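One structure is given below, encoded as structure tokens.
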Amino acid sequence: MNLNERDYALFDSYFHPKTIAIVGATDSPFSGGSGFLNALISSHFPKDRIFPINNHKSELLGIQTYPTLSAVPVPIDYVIIAVPRKYILEVVKECVQIGIKVGTIFTSGFTEIGDTALEKQLVEVARKGNMRLIGPNCIGLYIPEERVTFIVNLPVGEENAGRLGVISQSGGLADMFSFMGHYRGVKFSKVVSFGNGCDLHCPDFLEYFEQDPKTEMIFIYLEGFKNQAQGQKFRQVASRVVKQKPIIFWKGGKSEAGQGAIFSHTGSLSGNNEILESLAKQIGLVDVSNQEEVIDTLTAFYYLKERLPIGRRLAVIGGGGGNTVATSDTLSKAGFELPANPKRIQEEIIKIIGEVGVIVRNPIDLNVFIWDGKKLCDVVQIMGTLENIDLLIFDAGIDWGFNFERAFGLKNVIEPTFKSVLLVLKKIKETMPVAAVFPTVFYEREIVGKKMEFELMVQELGIPVFQTMSRCAFALNKLVRYGEQFR
């Protein structure tokens, strides 16, 4: 059952705070309270709406402090609690007394060390006052549009708000993927780190994201549930949501060692992994198992979800004979086809680049002609007209290009070559999905820097970039399979 209009509006209000208090704010860089305060200041959240609570200081980082929450002269929408465990219950009671509706508890030392009683007491106190808790043992909310962030230097503002919602039981993974997504051109609607989940848990946030118009796809990192009821609710909600919004799902703690670490991390019941994995397949969740799979799959979905359904016939343009063999093996193993180019197309390409040292069948090996701007653009343009292809992969070793330029003492060859081919790829992507693979072979600082610049250019065109062909194949397979099931 979906959230009713009233409950949705209340839950939505948690993600649009106009005033934020930080209980336990300090000026020490080694305290959690300082981290949250610095993060909000760096995000340009209005300073006159930030209220540090510290009974030993009159101001912190140029912002007036208050000894208690009750001393703040305006209503508080969102509170971050970062004080020692022994003071938490007292702070939550004060939150309830002054009418705060939602708060994040950063402090750890609850269920994950075996103390379930205090968590239950916190929830009882909060619910009596119609307050909801995120945590404990978490970092809370990152909402770019509202300039709310849990760590310094995450991009904020409307220009950095996007379509991906994140529900993460881990705070470290929440901030890591927020940064990694930024560098891959993936932008977020909301990111939630919920830790132990003593009150609000994964199914609650998923139910909200189901109706949130600004969230079009969802990533979940989950270690387990508090009880069977949460698991049942997750199944019910996820079964509905995944048909409309892709859910990329990483279940932590699949190994015996990982299951042992779960309880000491968030105090969750890891559950039977075989059952959860079977459930994910039945529902249609897009399952991933490590950090690389997560960021690559998010990248594929973020850029190409709107093009679904996408077929499995691929064309690849690159360089290196051995590379074409390895590429063929990798893509075939992932369930893709590489249709041979029609004879007419092969002849057209040979007219452009000749016959020496090249392969024109598919994948295409342009050899050194991949650094010849005009010839490269002509070949890419031809491949973009093929009707028996569902997606084009541009597999160009950009760093090889800069090394080639350096080796032969050439000047200003590679940069204009790739800028010109980007214009061609931009036009092709209007009618055919395009992906790019830019492996790193050379690690010289200058070459790496130039390569990163071109990766950003490609992303700005709306083309996803992958670090290796195998990572590209994995992510595209997940994307296409979701399309086959739900589009």
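Just so we're on the same page: first chain in the structure tokens is A, next is B, and so on; residues restart at 1 for each chain, and ligands are numbered from 1 in the order they show up.
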Excluding A:Val325 and its own-chain neighbours fewer than 2 positions away, which residues fall within 12 Å of it when counting only C-alpha atoms? Please give them as an MDAnalysis selection string. chainID A and resid 316 318:323 327:332 338 359 361:365 469
How close does each residue of stretch 119-200 of chain A get to stretch 84-108 of chain A, giving the shortest atom pair and distance in Å to one decimal for every residue with an atom at most 6 Å away, counting only C-alpha atoms, sorted by chain and residue number, as JSON lines?
{"residue": "A:Gly129", "atom": "CA", "partner": "A:Val96", "partner_atom": "CA", "distance": 5.0}
{"residue": "A:Met131", "atom": "CA", "partner": "A:Lys101", "partner_atom": "CA", "distance": 4.3}
{"residue": "A:Arg132", "atom": "CA", "partner": "A:Val102", "partner_atom": "CA", "distance": 4.8}
{"residue": "A:Leu133", "atom": "CA", "partner": "A:Gly103", "partner_atom": "CA", "distance": 5.2}
{"residue": "A:Ile134", "atom": "CA", "partner": "A:Thr104", "partner_atom": "CA", "distance": 4.6}
{"residue": "A:Gly135", "atom": "CA", "partner": "A:Ile105", "partner_atom": "CA", "distance": 5.2}
{"residue": "A:Pro136", "atom": "CA", "partner": "A:Ile105", "partner_atom": "CA", "distance": 4.5}
{"residue": "A:Asn137", "atom": "CA", "partner": "A:Ser108", "partner_atom": "CA", "distance": 4.3}
{"residue": "A:Cys138", "atom": "CA", "partner": "A:Phe106", "partner_atom": "CA", "distance": 5.0}
{"residue": "A:Ile139", "atom": "CA", "partner": "A:Phe106", "partner_atom": "CA", "distance": 5.6}
{"residue": "A:Gly140", "atom": "CA", "partner": "A:Thr104", "partner_atom": "CA", "distance": 5.5}
* Quick one: everything within 9 Å of A:Leu304, counting only C-alpha atoms, minus sequence neighbours fewer than 6 positions away in the same chain. Send it as a VMD selection string. => chain A and resid 310 433 to 435 462 to 464 479
Export of prior selection with C-alpha atoms as a compact mmCIF listing (two decimals), in the first residue's frame:
# COMPACT_ATOMS: atom_id res chain seq x y z
CA ILE A 310 18.13 -1.90 -25.78
CA PRO A 433 22.80 4.51 -27.69
CA VAL A 434 26.55 5.08 -27.28
CA ALA A 435 29.01 4.05 -24.56
CA GLY A 462 25.39 12.18 -22.07
CA ILE A 463 27.64 9.22 -22.93
CA PRO A 464 28.67 6.85 -20.09
CA LEU A 479 20.89 -2.64 -17.96
List as a PyMOL selection string the protein and nucleic acid residues near A:Tyr482, meaning an atom at most 9 Å away when only C-alpha atoms are counted, but skip any in the same chain fewer than 4 places from it. chain A and resi 246+284-286+308-309+477-478+486-487
Please produce a file of the residues just selected, as a PDB file, in the first residue's frame, where the atoms kept are N, CA and C atoms.
ATOM      1  N   PRO A 246      14.193   1.370 -11.600  1.00  0.00           N
ATOM      2  CA  PRO A 246      15.195   0.329 -11.364  1.00  0.00           C
ATOM      3  C   PRO A 246      15.766   0.421  -9.945  1.00  0.00           C
ATOM      4  N   GLY A 284      13.254  -8.903  -9.402  1.00  0.00           N
ATOM      5  CA  GLY A 284      13.865  -8.206 -10.530  1.00  0.00           C
ATOM      6  C   GLY A 284      14.823  -7.118 -10.114  1.00  0.00           C
ATOM      7  N   LEU A 285      15.328  -7.193  -8.865  1.00  0.00           N
ATOM      8  CA  LEU A 285      16.336  -6.229  -8.433  1.00  0.00           C
ATOM      9  C   LEU A 285      17.615  -6.460  -9.230  1.00  0.00           C
ATOM     10  N   VAL A 286      18.340  -5.390  -9.499  1.00  0.00           N
ATOM     11  CA  VAL A 286      19.593  -5.477 -10.246  1.00  0.00           C
ATOM     12  C   VAL A 286      20.698  -5.714  -9.241  1.00  0.00           C
ATOM     13  N   LEU A 308      15.900   2.373 -22.906  1.00  0.00           N
ATOM     14  CA  LEU A 308      15.408   0.998 -22.839  1.00  0.00           C
ATOM     15  C   LEU A 308      14.071   0.859 -23.562  1.00  0.00           C
ATOM     16  N   PRO A 309      13.805  -0.312 -24.178  1.00  0.00           N
ATOM     17  CA  PRO A 309      14.687  -1.480 -24.201  1.00  0.00           C
ATOM     18  C   PRO A 309      15.816  -1.333 -25.217  1.00  0.00           C
ATOM     19  N   ASN A 477      25.093  -5.402 -19.479  1.00  0.00           N
ATOM     20  CA  ASN A 477      24.285  -6.612 -19.347  1.00  0.00           C
ATOM     21  C   ASN A 477      23.193  -6.424 -18.294  1.00  0.00           C
ATOM     22  N   LYS A 478      23.538  -5.807 -17.173  1.00  0.00           N
ATOM     23  CA  LYS A 478      22.542  -5.545 -16.138  1.00  0.00           C
ATOM     24  C   LYS A 478      21.444  -4.625 -16.662  1.00  0.00           C
ATOM     25  N   PHE A 486      11.354  -5.554 -17.838  1.00  0.00           N
ATOM     26  CA  PHE A 486      10.346  -4.577 -17.450  1.00  0.00           C
ATOM     27  C   PHE A 486       9.980  -3.530 -18.504  1.00  0.00           C
ATOM     28  N   ARG A 487      10.646  -3.527 -19.656  1.00  0.00           N
ATOM     29  CA  ARG A 487      10.330  -2.498 -20.658  1.00  0.00           C
ATOM     30  C   ARG A 487       9.833  -3.130 -21.960  1.00  0.00           C
TER      31      ARG A 487
END
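We find atom CA of A:Ile353 and atom CA of A:Phe369 to be spaced 6.8 Å apart.
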Contact residues around stretch 31-40 of chain A with only C-alpha atoms at 9 Å, ignoring same-chain residues under 4 positions, as a list of chain:residue names: A:Ile22, A:Val23, A:Gly24, A:Ala25, A:Thr26, A:Asp27, A:His44, A:Phe45, A:Pro46, A:Lys47, A:Ile50, A:Pro52, A:Leu60, A:Leu61, A:Ile80, A:Ile81, A:Ala82, A:Val83, A:Phe106, A:Thr107, A:Ile139, A:Arg147, A:Val148, A:Thr149, A:Phe150, A:Ile151, A:Val152, A:Asn153, A:Leu154
Could you dump the residues just selected with N, CA and C atoms as a JSON list (two decimals), in the first residue's frame?
[["chain", "number", "residue", "atom", "x", "y", "z"],
["A", 22, "ILE", "N", 22.87, 21.17, 15.22],
["A", 22, "ILE", "CA", 23.89, 20.13, 15.40],
["A", 22, "ILE", "C", 24.23, 20.07, 16.87],
["A", 23, "VAL", "N", 23.75, 19.04, 17.54],
["A", 23, "VAL", "CA", 24.02, 18.87, 18.96],
["A", 23, "VAL", "C", 25.36, 18.15, 19.10],
["A", 24, "GLY", "N", 26.30, 18.82, 19.74],
["A", 24, "GLY", "CA", 27.65, 18.28, 19.86],
["A", 24, "GLY", "C", 28.61, 18.89, 18.85],
["A", 25, "ALA", "N", 28.21, 20.02, 18.28],
["A", 25, "ALA", "CA", 29.10, 20.72, 17.34],
["A", 25, "ALA", "C", 30.33, 21.22, 18.08],
["A", 26, "THR", "N", 31.50, 21.08, 17.46],
["A", 26, "THR", "CA", 32.75, 21.56, 18.05],
["A", 26, "THR", "C", 33.61, 22.17, 16.95],
["A", 27, "ASP", "N", 34.79, 22.67, 17.35],
["A", 27, "ASP", "CA", 35.73, 23.19, 16.35],
["A", 27, "ASP", "C", 36.90, 22.24, 16.15],
["A", 44, "HIS", "N", 27.31, 25.99, 1.65],
["A", 44, "HIS", "CA", 26.62, 27.28, 1.62],
["A", 44, "HIS", "C", 25.16, 27.17, 2.04],
["A", 45, "PHE", "N", 24.88, 26.20, 2.93],
["A", 45, "PHE", "CA", 23.59, 26.23, 3.60],
["A", 45, "PHE", "C", 23.58, 27.52, 4.41],
["A", 46, "PRO", "N", 22.47, 28.27, 4.39],
["A", 46, "PRO", "CA", 22.48, 29.60, 5.05],
["A", 46, "PRO", "C", 22.95, 29.53, 6.50],
["A", 47, "LYS", "N", 23.97, 30.32, 6.81],
["A", 47, "LYS", "CA", 24.54, 30.27, 8.16],
["A", 47, "LYS", "C", 23.55, 30.67, 9.23],
["A", 50, "ILE", "N", 21.74, 27.63, 10.57],
["A", 50, "ILE", "CA", 22.51, 26.56, 11.19],
["A", 50, "ILE", "C", 22.66, 26.90, 12.67],
["A", 52, "PRO", "N", 24.51, 25.50, 15.91],
["A", 52, "PRO", "CA", 25.39, 24.59, 16.66],
["A", 52, "PRO", "C", 25.00, 24.60, 18.15],
["A", 60, "LEU", "N", 31.09, 29.14, 16.91],
["A", 60, "LEU", "CA", 31.94, 28.16, 16.22],
["A", 60, "LEU", "C", 31.99, 28.52, 14.74],
["A", 61, "LEU", "N", 33.20, 28.70, 14.24],
["A", 61, "LEU", "CA", 33.39, 29.01, 12.82],
["A", 61, "LEU", "C", 32.54, 30.19, 12.37],
["A", 80, "ILE", "N", 20.90, 17.00, 14.02],
["A", 80, "ILE", "CA", 21.96, 16.01, 13.94],
["A", 80, "ILE", "C", 22.55, 15.87, 15.33],
["A", 81, "ILE", "N", 22.55, 14.65, 15.85],
["A", 81, "ILE", "CA", 22.97, 14.41, 17.23],
["A", 81, "ILE", "C", 24.31, 13.70, 17.23],
["A", 82, "ALA", "N", 25.34, 14.37, 17.74],
["A", 82, "ALA", "CA", 26.69, 13.82, 17.73],
["A", 82, "ALA", "C", 27.34, 14.03, 19.09],
["A", 83, "VAL", "N", 26.70, 13.48, 20.11],
["A", 83, "VAL", "CA", 27.21, 13.57, 21.48],
["A", 83, "VAL", "C", 27.47, 12.17, 22.00],
["A", 106, "PHE", "N", 24.25, 10.32, 14.94],
["A", 106, "PHE", "CA", 25.56, 9.93, 14.43],
["A", 106, "PHE", "C", 26.26, 8.96, 15.39],
["A", 107, "THR", "N", 26.02, 9.13, 16.66],
["A", 107, "THR", "CA", 26.71, 8.37, 17.70],
["A", 107, "THR", "C", 26.51, 6.86, 17.52],
["A", 139, "ILE", "N", 25.31, 8.67, 9.10],
["A", 139, "ILE", "CA", 25.63, 10.07, 8.79],
["A", 139, "ILE", "C", 24.45, 10.83, 8.20],
["A", 147, "ARG", "N", 21.07, 21.83, -0.39],
["A", 147, "ARG", "CA", 22.40, 22.14, 0.17],
["A", 147, "ARG", "C", 22.61, 21.49, 1.54],
["A", 148, "VAL", "N", 21.96, 20.37, 1.75],
["A", 148, "VAL", "CA", 22.15, 19.59, 2.97],
["A", 148, "VAL", "C", 23.15, 18.48, 2.64],
["A", 149, "THR", "N", 24.21, 18.37, 3.44],
["A", 149, "THR", "CA", 25.23, 17.38, 3.15],
["A", 149, "THR", "C", 25.86, 16.86, 4.43],
["A", 150, "PHE", "N", 26.40, 15.66, 4.35],
["A", 150, "PHE", "CA", 27.02, 15.06, 5.54],
["A", 150, "PHE", "C", 28.54, 15.06, 5.48],
["A", 151, "ILE", "N", 29.13, 15.62, 4.41],
["A", 151, "ILE", "CA", 30.59, 15.64, 4.32],
["A", 151, "ILE", "C", 31.02, 16.84, 3.48],
["A", 152, "VAL", "N", 32.17, 17.38, 3.78],
["A", 152, "VAL", "CA", 32.68, 18.56, 3.08],
["A", 152, "VAL", "C", 32.97, 18.25, 1.61],
["A", 153, "ASN", "N", 32.67, 19.21, 0.75],
["A", 153, "ASN", "CA", 33.03, 19.21, -0.67],
["A", 153, "ASN", "C", 32.17, 18.34, -1.58],
["A", 154, "LEU", "N", 31.09, 17.79, -1.09],
["A", 154, "LEU", "CA", 30.15, 17.16, -2.01],
["A", 154, "LEU", "C", 29.43, 18.26, -2.79]]
_Selection near A:Met176, 12 Å with only C-alpha atoms, sequence-local residues under 4 positions removed, as a PyMOL selection string_ = chain A and resi 150-151+154+166+168+170-172+180-183+191+193+291-292+294-295
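If you measure from each of A:Met217, A:Ile398, A:Leu10, A:Val79 to A:Asn130 using only C-alpha atoms, the closest one turns out to be A:Leu10.
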task = Give me, please, the distance in Å between atom CA of A:Asn196 and atom CA of A:Phe110, quoted to one decimal.
result =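 So the two atoms, atom CA of A:Asn196 and atom CA of A:Phe110, lie 8.2 Å apart.
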Judged by only C-alpha atoms, the minimum distance to A:Ser289 among A:Asp7, A:Ala238, A:Ile393, A:Phe474 is found for A:Phe474
